Amino acid sequence: MRTTCPYCGVGCGIVASARRDGDVEICGDSGHPANGGRLCAKGLALGETIGLETRLLTPQIGGEPASWDAALDLVASKFLEAVRKYGPDSVGFYVSGQLLTEDYYVANKLMKGFIGSGNIDTNSRLCMSSAVAGHKRAFGADAVPGCYADVELADLVVFVGSNTAWCHPVLYQRVLKARAERGVKIVVIDPRRTATCEEADLHLAIRAGTDVRLFNALLLQLSRRGALDLAFVEQHTAQYEETLARAAADDCSAQAVAAHCEVETRDVETFFAWFAATARTVTAFSQGVNQSTRGADKVNAIVNCHLATGRIGKPGATPFSITGQPNAMGGREVGGLANQLAAHMDFGPEENVSRLQRFWNSRNVARRPGLMAVDMFRAAGDDRLRALWIMATNPAASLPDAGRVREALGACDFVVVSDCVAQTDTAKFAHVLLPAAAWGEKDGTVTNSERCISRQRAFLDVPGEARPDWWMIAEVARRMGFAREFPYRAPAEIFREHAALSAFENTGTRAFDIGGLTELSDAQYDALKPVQWPVPVKSRTGPQRLFADGQFFTPDKRARFIAVAAQAPAQSLSARYPLILNTGRVRDHWHTMTRTGLSARLSSHRPEPCVEIHPDDAAHAGIADGDLARVATAWGSTVLRASCVGSQKRGALFVPIHWTATNAASALAGSMVNPFVDAISGQPEFKHTPVRLDPFIQTWRGFLLTRTEIAPLAIAYWAKRRVRGGLLYELAGGVGDQMPGFDVFGNAGQGGERVEIVNDKQCDYRLARIVDGRLTHCLILTRSGSLPPREWLSSLLDGIALTLADRVTLLAGRPAGGGGDEGPLVCACFGVSRTRIARTVRDEKLVSVEAIGAVLGAGTNCGSCRAELRGILETEALRA
Ligand code: SF4
């Protein structure tokens with residue numbers, strides 16, 4: 001079955017084959033334009049994440065199983081009751097870039113079209129709403145001008161605030177291929193030296209939040225160096241002079257900019273010179289630009305430079321927003337953002353509301369924007385929002401000031417959560433839980449970062465009582481009295497209506513137009529090949545690039561320069577919080593790990609929740625690499641494993657967003673992030689919260705291996721991850737925390753053989769439980785001693801019968817004869833560990849990443865481990 005990856009916005013095509021034994025084989029779809037057959041480690045591991053062990057399979061009311069009828073009746077009646085008593089703005093939907101376009105369309109139609117409120121917002125607000133705002137200000141429409149082929153055709157690719165090598169690996173590989181073939185230059189602008197920098201010709205590690213100053217200065221430099229396309233500016237743009245004047249208000253010399261951004265003057269000069277001299281330039285940006293209280297301004301500062309040079313709508317020349325989620329773009333198309341109507345229509349003009357009223361046959365279309373994500377949850381906590389339906393997302397973990405979000409969810413009269421996962425941080429607050437179909441079971445379309453609409457197809461039976469999201473929303477709509485308007489029996493019907501709306505009274509003034517797909521039969525919809533919008537009526541394909549003719553979607557068809565001023569982030573550093581907290585993704589996990597956390601392979605690369613710290617900052621705080629550290633902001637605090645890395649800028653910490661209360665004691669990045677948002681886009685500032693760093697006093701530490709989940713532990717630090725055959729919990733106690741004993745295993749620990757060692761001197765305690773000759777549990781704790789490596793012991797959980805030799809050395813944690821410590825996986829695509837790579841480099845005298853690839857395969861698929869391979873080569877060279 002040809003389908004699409006459910007992770008990042010690259011939107012790679014996948015061929016999935018369900019085997020009779022229940023396993024699923026995954027490979028890249030060589031016919032898909034996004035990836036041409038390549039997949040990264042996350043996509044390749046999808047077959048390991050389709051198990052049912054964490055699934056929600058029946059509706060629940062108040063934590064008890066219920067029938068679909070009872071659950072849907074209750075949801076509809078509670079929403080109706082709130083609307084009747086308190087008005088339409090007393091209810092809301094918080095939806096997700098994981099939804100398919102058809103799900104999204106039905107949700108938006110119900111809220112904005114029939115309930116009559118703008119209160120539907122999406123978690124895409126957190127990842128790319130600044131790009132939307134920037135596009136609309138500059139182009140008059142939320143339209144991404146370029147396509148993926150542009151990164152291969154460019155002579156210069158500038159990545160701004162984007163660790164593309166890890167977060168969009170297949171797209172990054174396309175750049176590297178072009179670099180290998182044609183010597184494309186790469187510039188990375190990012191406070192961190194990420195994996196994306198490893199292949200870069202220039203890295204500008206600017207101080208967080210200084211992007212606008214850098215790009216304003218670039219605009220001025222382009223003008224001074226005669227690099228402008230004056231004919232394009234003259235014929236196709238407006239507001240150039242005032243924008244240039246605004247940029248010139250600051251000292252835009254390379255020296256002044258370098259001092260402001262805290263980088264070398266010669267590097268700034270090099271960047272200016274390369275950008276000025278390279279007609280084929282792509283500037284790709286992502287969360288580092290968007291997730292800011294100045295996000296929209298940063299986007300426009302970048303777009304200004306492309307407009308000034310006419311580098312838009314041409315092969316290899318474009319600003320390029322790379323979206324985070326698989327269907328962030330689809331959500332934008334249907335009006336999933338609270339400040340947009342469906343089909344890219346804005347709230348402002350009355351004719352848009354009137355058009356929707358006629359198209360949907362509703363007199364109740366919302367006339368004003370609704371609550372955006374952060375405000376929506378504030379409203380849920382102070383009685384403005386009485387009923388809230390959260391679909392396919394985990395805001396109790398992912399929103400900023402997550403502690404306040406939890407309080408709000410606890411205070412809200414009625415919370416519905418529809419999800420495919422039973423236990424998320426958010427599900428705990430649900431009055432009603434609705435089981436949703438998951439990837440592989442659901443059917444519909446998604447749109448990737450280059451406006452390419454692809455089918456996600458079902459190839460697995462829907463388990464239990466799970467149902468597609470569009471079905472449950474339509475069922476609630478019918479119960480609310482809108483049966484005639486929500487008659488859908490299949491996603492193809494919804495897609496045709498969505499396509500028809502995009503073309504309805506669209507005289508070329510609205511960018512989003514897929515009228516050419518309105519007449520698709522069910523069979524044609526099933527067979528739909530990836531297609532880029534717009535696809536106007538009478539056509540079946542769209543142009544790769546927009547704005548090639550210099551015509552934009554503003555009333556006078558001219559693009560707008562936007563004058564933006566450099567401004568500091570919302571919160572300044574202080575003596576109490578002297579460092580900057582930056583948050584983001586790691587290589588092998590996705591969002592709150594509800595899917596990638598099911599793969600032992602993907603869980604191995606970053607085994608614990610960590611904080612990355614520059615070694616100088618760590619030393620100043622009295623923290624060594626591998627220690628636990630307390631990281632605290634004015635909003636919340638965490639306990640995390642310290643990772644002291646030179647790639648981190650001095651004065652800034654980096655914390656991954658993936659760990660939640662479901663898989664760690666105290667590692668929730670969202671709990672520490674300040675809730676300030678961009679006034680234009682509503683996007684929160686995930687990249688800049690003042691923070692402090694302190695050592696964590698640990699009184700004991702250890703780990704626990706178990707085949708099954710254990711009850712939550714009341715200790716300061718635990719972090720859970722999947723290993724082959726079970727789960728591994730890393731443990732540590734703070735002052736007053738008791739060491740756990742055998743009872744930690746609960747009833748699952750009854751019976752079998754029990755082997756224990758107690759070493760009073762170091763207060764070591766080691767315990768194993770063996771049933772039918774197989775290891776089922778293992779607990780190893782110490783106050784002052786060392787701990788054995790985890791890999792060999794973990795491998796024994798896999799159900800194999802223990803040999804006599806294994807039993808003898810079990811509690812030593814090492815196999816008889818030594819070895820067993822393979823270290824974390826470096827190449828997740830081929831399962832190659834750090835220890836094996838280092839050993840092979842030594843034994844075979846390898847000196848290049850390519851040589852490692854030739855011998856072990858590592859780094860030859862998605863390539864996102866190449867930076868780590870280089871690090872191992874350097875370490876081994878030093879060792880030699
Ligand atoms: Fe999926 Fe990886 Fe492709 Fe993104 S780059 S869509 S995560 S396979």
# chains A, B, ... in the order shown; residues from 1 in each chain; ligands from 1
$ residues_around --residues "Ala249 (chain A)" --least-positions-apart "2" --cutoff "12 Å" --atoms "only C-alpha atoms" --output "JSON list (two decimals) with all heavy atoms, in the first residue's frame"
[["chain", "number", "residue", "atom", "x", "y", "z"],
["A", 213, "ARG", "N", 17.74, 41.70, 13.11],
["A", 213, "ARG", "CA", 18.86, 42.64, 12.90],
["A", 213, "ARG", "C", 19.77, 42.12, 11.78],
["A", 213, "ARG", "O", 20.21, 42.89, 10.92],
["A", 213, "ARG", "CB", 19.62, 42.78, 14.22],
["A", 213, "ARG", "CG", 20.83, 43.70, 14.16],
["A", 213, "ARG", "CD", 20.42, 45.16, 14.22],
["A", 213, "ARG", "NE", 21.59, 46.02, 14.12],
["A", 213, "ARG", "CZ", 22.27, 46.49, 15.16],
["A", 213, "ARG", "NH1", 21.87, 46.19, 16.38],
["A", 213, "ARG", "NH2", 23.31, 47.27, 14.99],
["A", 216, "ASN", "N", 17.80, 42.45, 8.41],
["A", 216, "ASN", "CA", 17.67, 43.87, 8.05],
["A", 216, "ASN", "C", 18.99, 44.40, 7.49],
["A", 216, "ASN", "O", 19.03, 45.12, 6.49],
["A", 216, "ASN", "CB", 17.27, 44.69, 9.27],
["A", 216, "ASN", "CG", 15.77, 44.78, 9.45],
["A", 216, "ASN", "OD1", 15.01, 44.30, 8.60],
["A", 216, "ASN", "ND2", 15.32, 45.38, 10.53],
["A", 217, "ALA", "N", 20.07, 44.01, 8.15],
["A", 217, "ALA", "CA", 21.39, 44.45, 7.68],
["A", 217, "ALA", "C", 21.70, 43.84, 6.31],
["A", 217, "ALA", "O", 22.26, 44.51, 5.44],
["A", 217, "ALA", "CB", 22.47, 44.04, 8.69],
["A", 220, "LEU", "N", 20.04, 45.85, 3.62],
["A", 220, "LEU", "CA", 20.78, 47.09, 3.34],
["A", 220, "LEU", "C", 22.06, 46.80, 2.55],
["A", 220, "LEU", "O", 22.41, 47.54, 1.61],
["A", 220, "LEU", "CB", 21.13, 47.77, 4.67],
["A", 220, "LEU", "CG", 21.16, 49.27, 4.62],
["A", 220, "LEU", "CD1", 19.76, 49.83, 4.46],
["A", 220, "LEU", "CD2", 21.78, 49.83, 5.88],
["A", 242, "GLU", "N", 10.25, 52.38, 2.47],
["A", 242, "GLU", "CA", 10.10, 52.51, 3.93],
["A", 242, "GLU", "C", 10.74, 51.34, 4.67],
["A", 242, "GLU", "O", 11.24, 51.47, 5.78],
["A", 242, "GLU", "CB", 8.63, 52.68, 4.35],
["A", 242, "GLU", "CG", 7.62, 51.76, 3.75],
["A", 242, "GLU", "CD", 7.01, 52.27, 2.45],
["A", 242, "GLU", "OE1", 7.79, 52.66, 1.54],
["A", 242, "GLU", "OE2", 5.78, 52.25, 2.33],
["A", 243, "THR", "N", 10.73, 50.17, 4.01],
["A", 243, "THR", "CA", 11.35, 49.00, 4.65],
["A", 243, "THR", "C", 12.86, 49.19, 4.72],
["A", 243, "THR", "O", 13.50, 48.91, 5.75],
["A", 243, "THR", "CB", 11.00, 47.73, 3.87],
["A", 243, "THR", "OG1", 9.58, 47.63, 3.82],
["A", 243, "THR", "CG2", 11.57, 46.49, 4.53],
["A", 244, "LEU", "N", 13.43, 49.69, 3.63],
["A", 244, "LEU", "CA", 14.87, 49.93, 3.63],
["A", 244, "LEU", "C", 15.23, 51.01, 4.65],
["A", 244, "LEU", "O", 16.22, 50.89, 5.38],
["A", 244, "LEU", "CB", 15.32, 50.37, 2.23],
["A", 244, "LEU", "CG", 16.81, 50.28, 1.99],
["A", 244, "LEU", "CD1", 17.26, 48.82, 1.91],
["A", 244, "LEU", "CD2", 17.20, 51.01, 0.71],
["A", 245, "ALA", "N", 14.39, 52.03, 4.72],
["A", 245, "ALA", "CA", 14.66, 53.12, 5.67],
["A", 245, "ALA", "C", 14.62, 52.58, 7.10],
["A", 245, "ALA", "O", 15.44, 52.94, 7.95],
["A", 245, "ALA", "CB", 13.63, 54.23, 5.49],
["A", 246, "ARG", "N", 13.68, 51.67, 7.36],
["A", 246, "ARG", "CA", 13.58, 51.11, 8.71],
["A", 246, "ARG", "C", 14.83, 50.28, 9.04],
["A", 246, "ARG", "O", 15.40, 50.36, 10.13],
["A", 246, "ARG", "CB", 12.33, 50.23, 8.83],
["A", 246, "ARG", "CG", 12.14, 49.61, 10.21],
["A", 246, "ARG", "CD", 11.87, 50.72, 11.23],
["A", 246, "ARG", "NE", 12.22, 50.38, 12.60],
["A", 246, "ARG", "CZ", 13.44, 50.35, 13.13],
["A", 246, "ARG", "NH1", 14.52, 50.61, 12.40],
["A", 246, "ARG", "NH2", 13.63, 50.06, 14.39],
["A", 247, "ALA", "N", 15.26, 49.52, 8.04],
["A", 247, "ALA", "CA", 16.46, 48.70, 8.25],
["A", 247, "ALA", "C", 17.67, 49.59, 8.50],
["A", 247, "ALA", "O", 18.54, 49.28, 9.32],
["A", 247, "ALA", "CB", 16.69, 47.80, 7.05],
["A", 251, "ASP", "N", 22.64, 50.50, 12.84],
["A", 251, "ASP", "CA", 23.95, 50.41, 12.20],
["A", 251, "ASP", "C", 24.05, 49.03, 11.55],
["A", 251, "ASP", "O", 24.05, 48.01, 12.26],
["A", 251, "ASP", "CB", 25.05, 50.61, 13.25],
["A", 251, "ASP", "CG", 26.45, 50.57, 12.62],
["A", 251, "ASP", "OD1", 26.54, 50.15, 11.45],
["A", 251, "ASP", "OD2", 27.40, 50.92, 13.32],
["A", 252, "CYS", "N", 24.09, 48.99, 10.24],
["A", 252, "CYS", "CA", 24.07, 47.71, 9.54],
["A", 252, "CYS", "C", 25.43, 47.29, 9.03],
["A", 252, "CYS", "O", 25.54, 46.43, 8.15],
["A", 252, "CYS", "CB", 23.06, 47.77, 8.40],
["A", 252, "CYS", "SG", 21.39, 47.74, 9.05],
["A", 253, "SER", "N", 26.48, 47.88, 9.57],
["A", 253, "SER", "CA", 27.81, 47.42, 9.17],
["A", 253, "SER", "C", 28.03, 46.01, 9.72],
["A", 253, "SER", "O", 27.41, 45.61, 10.73],
["A", 253, "SER", "CB", 28.87, 48.35, 9.76],
["A", 253, "SER", "OG", 28.85, 48.26, 11.17],
["A", 563, "ALA", "N", 8.31, 46.47, 6.84],
["A", 563, "ALA", "CA", 9.35, 47.11, 7.66],
["A", 563, "ALA", "C", 9.31, 46.52, 9.07],
["A", 563, "ALA", "O", 8.28, 46.58, 9.74],
["A", 563, "ALA", "CB", 9.09, 48.62, 7.72],
["A", 564, "VAL", "N", 10.39, 45.89, 9.46],
["A", 564, "VAL", "CA", 10.42, 45.26, 10.78],
["A", 564, "VAL", "C", 11.61, 45.78, 11.56],
["A", 564, "VAL", "O", 12.67, 46.06, 11.00],
["A", 564, "VAL", "CB", 10.49, 43.71, 10.66],
["A", 564, "VAL", "CG1", 9.18, 43.15, 10.15],
["A", 564, "VAL", "CG2", 11.64, 43.27, 9.76],
["A", 565, "ALA", "N", 11.41, 45.91, 12.86],
["A", 565, "ALA", "CA", 12.47, 46.42, 13.72],
["A", 565, "ALA", "C", 12.99, 45.31, 14.61],
["A", 565, "ALA", "O", 12.21, 44.46, 15.08],
["A", 565, "ALA", "CB", 11.93, 47.56, 14.58],
["A", 566, "ALA", "N", 14.30, 45.31, 14.83],
["A", 566, "ALA", "CA", 14.87, 44.32, 15.74],
["A", 566, "ALA", "C", 14.39, 44.60, 17.16],
["A", 566, "ALA", "O", 14.48, 45.74, 17.63],
["A", 566, "ALA", "CB", 16.40, 44.42, 15.68]]
$ residues_near_ligand --ligand "ligand 1" --cutoff "8 Å" --atoms "only C-alpha atoms and all ligand atoms" --output "number ranges by chain"
A: 4-13, 28, 35, 38-44, 167-171, 326, 862
$ closest_atom_pairs --of "region 379-459 of chain A" --to "region 649-662 of chain A" --cutoff "9 Å" --atoms "only C-alpha atoms" --output "JSON lines"
{"residue": "A:Ala396", "atom": "CA", "partner": "A:Thr660", "partner_atom": "CA", "distance": 8.9}
{"residue": "A:Ala397", "atom": "CA", "partner": "A:Thr660", "partner_atom": "CA", "distance": 6.0}
{"residue": "A:Ser398", "atom": "CA", "partner": "A:Ile657", "partner_atom": "CA", "distance": 7.4}
{"residue": "A:Gln423", "atom": "CA", "partner": "A:Thr662", "partner_atom": "CA", "distance": 7.5}
{"residue": "A:Thr424", "atom": "CA", "partner": "A:Thr662", "partner_atom": "CA", "distance": 6.5}
{"residue": "A:Asp425", "atom": "CA", "partner": "A:Ala661", "partner_atom": "CA", "distance": 6.3}
$ closest_residue --among "A:Ile770, A:Val691, A:Val826, A:Leu856" --to "Thr803 (chain A)" --atoms "only C-alpha atoms"
A:Ile770
$ residues_around --residues "region 344-356 of chain A" --least-positions-apart "4" --cutoff "8 Å" --atoms "only C-alpha atoms" --output "list of chain:residue names"
A:Gly113, A:Ala141, A:Asp142, A:Arg332, A:Glu333, A:Val334, A:Gly335, A:Asn339, A:Gln340, A:Trp360, A:Asn361, A:Ser362, A:Val365, A:Ala366, A:Arg367, A:Arg368, A:Pro369, A:Glu505, A:Arg510, A:Ala511, A:Phe512
$ write_last_selection --atoms "C-alpha atoms" --output "PDB file, in the first residue's frame"
ATOM      1  CA  GLY A 113     -19.839  26.881  10.100  1.00  0.00           C
ATOM      2  CA  ALA A 141      -1.925  34.610   0.968  1.00  0.00           C
ATOM      3  CA  ASP A 142      -0.514  31.792   3.040  1.00  0.00           C
ATOM      4  CA  ARG A 332      -4.073  25.761   7.122  1.00  0.00           C
ATOM      5  CA  GLU A 333      -6.027  24.929   3.953  1.00  0.00           C
ATOM      6  CA  VAL A 334      -9.249  24.056   5.782  1.00  0.00           C
ATOM      7  CA  GLY A 335      -9.175  26.862   8.369  1.00  0.00           C
ATOM      8  CA  ASN A 339      -7.854  33.375  12.799  1.00  0.00           C
ATOM      9  CA  GLN A 340      -8.695  31.915   9.378  1.00  0.00           C
ATOM     10  CA  TRP A 360     -22.477  25.309   3.544  1.00  0.00           C
ATOM     11  CA  ASN A 361     -26.112  26.396   3.645  1.00  0.00           C
ATOM     12  CA  SER A 362     -25.624  27.811   7.132  1.00  0.00           C
ATOM     13  CA  VAL A 365     -20.865  31.076  10.156  1.00  0.00           C
ATOM     14  CA  ALA A 366     -18.430  32.625  12.664  1.00  0.00           C
ATOM     15  CA  ARG A 367     -17.717  36.283  11.977  1.00  0.00           C
ATOM     16  CA  ARG A 368     -14.677  36.864  14.116  1.00  0.00           C
ATOM     17  CA  PRO A 369     -11.470  34.980  14.934  1.00  0.00           C
ATOM     18  CA  GLU A 505     -16.396  31.833  -6.427  1.00  0.00           C
ATOM     19  CA  ARG A 510      -7.475  32.993  -3.546  1.00  0.00           C
ATOM     20  CA  ALA A 511      -4.227  31.046  -3.739  1.00  0.00           C
ATOM     21  CA  PHE A 512      -5.629  27.786  -2.474  1.00  0.00           C
TER      22      PHE A 512
END
$ closest_residue --among "A:Ala284, A:Ala131, A:Leu52, A:Leu793" --to "Ala143 (chain A)" --atoms "only C-alpha atoms"
A:Ala131
$ closest_residue --among "A:Asp375, A:Asp760, A:Glu822, A:Asp627" --to "Pro684 (chain A)" --atoms "only C-alpha atoms"
A:Asp375
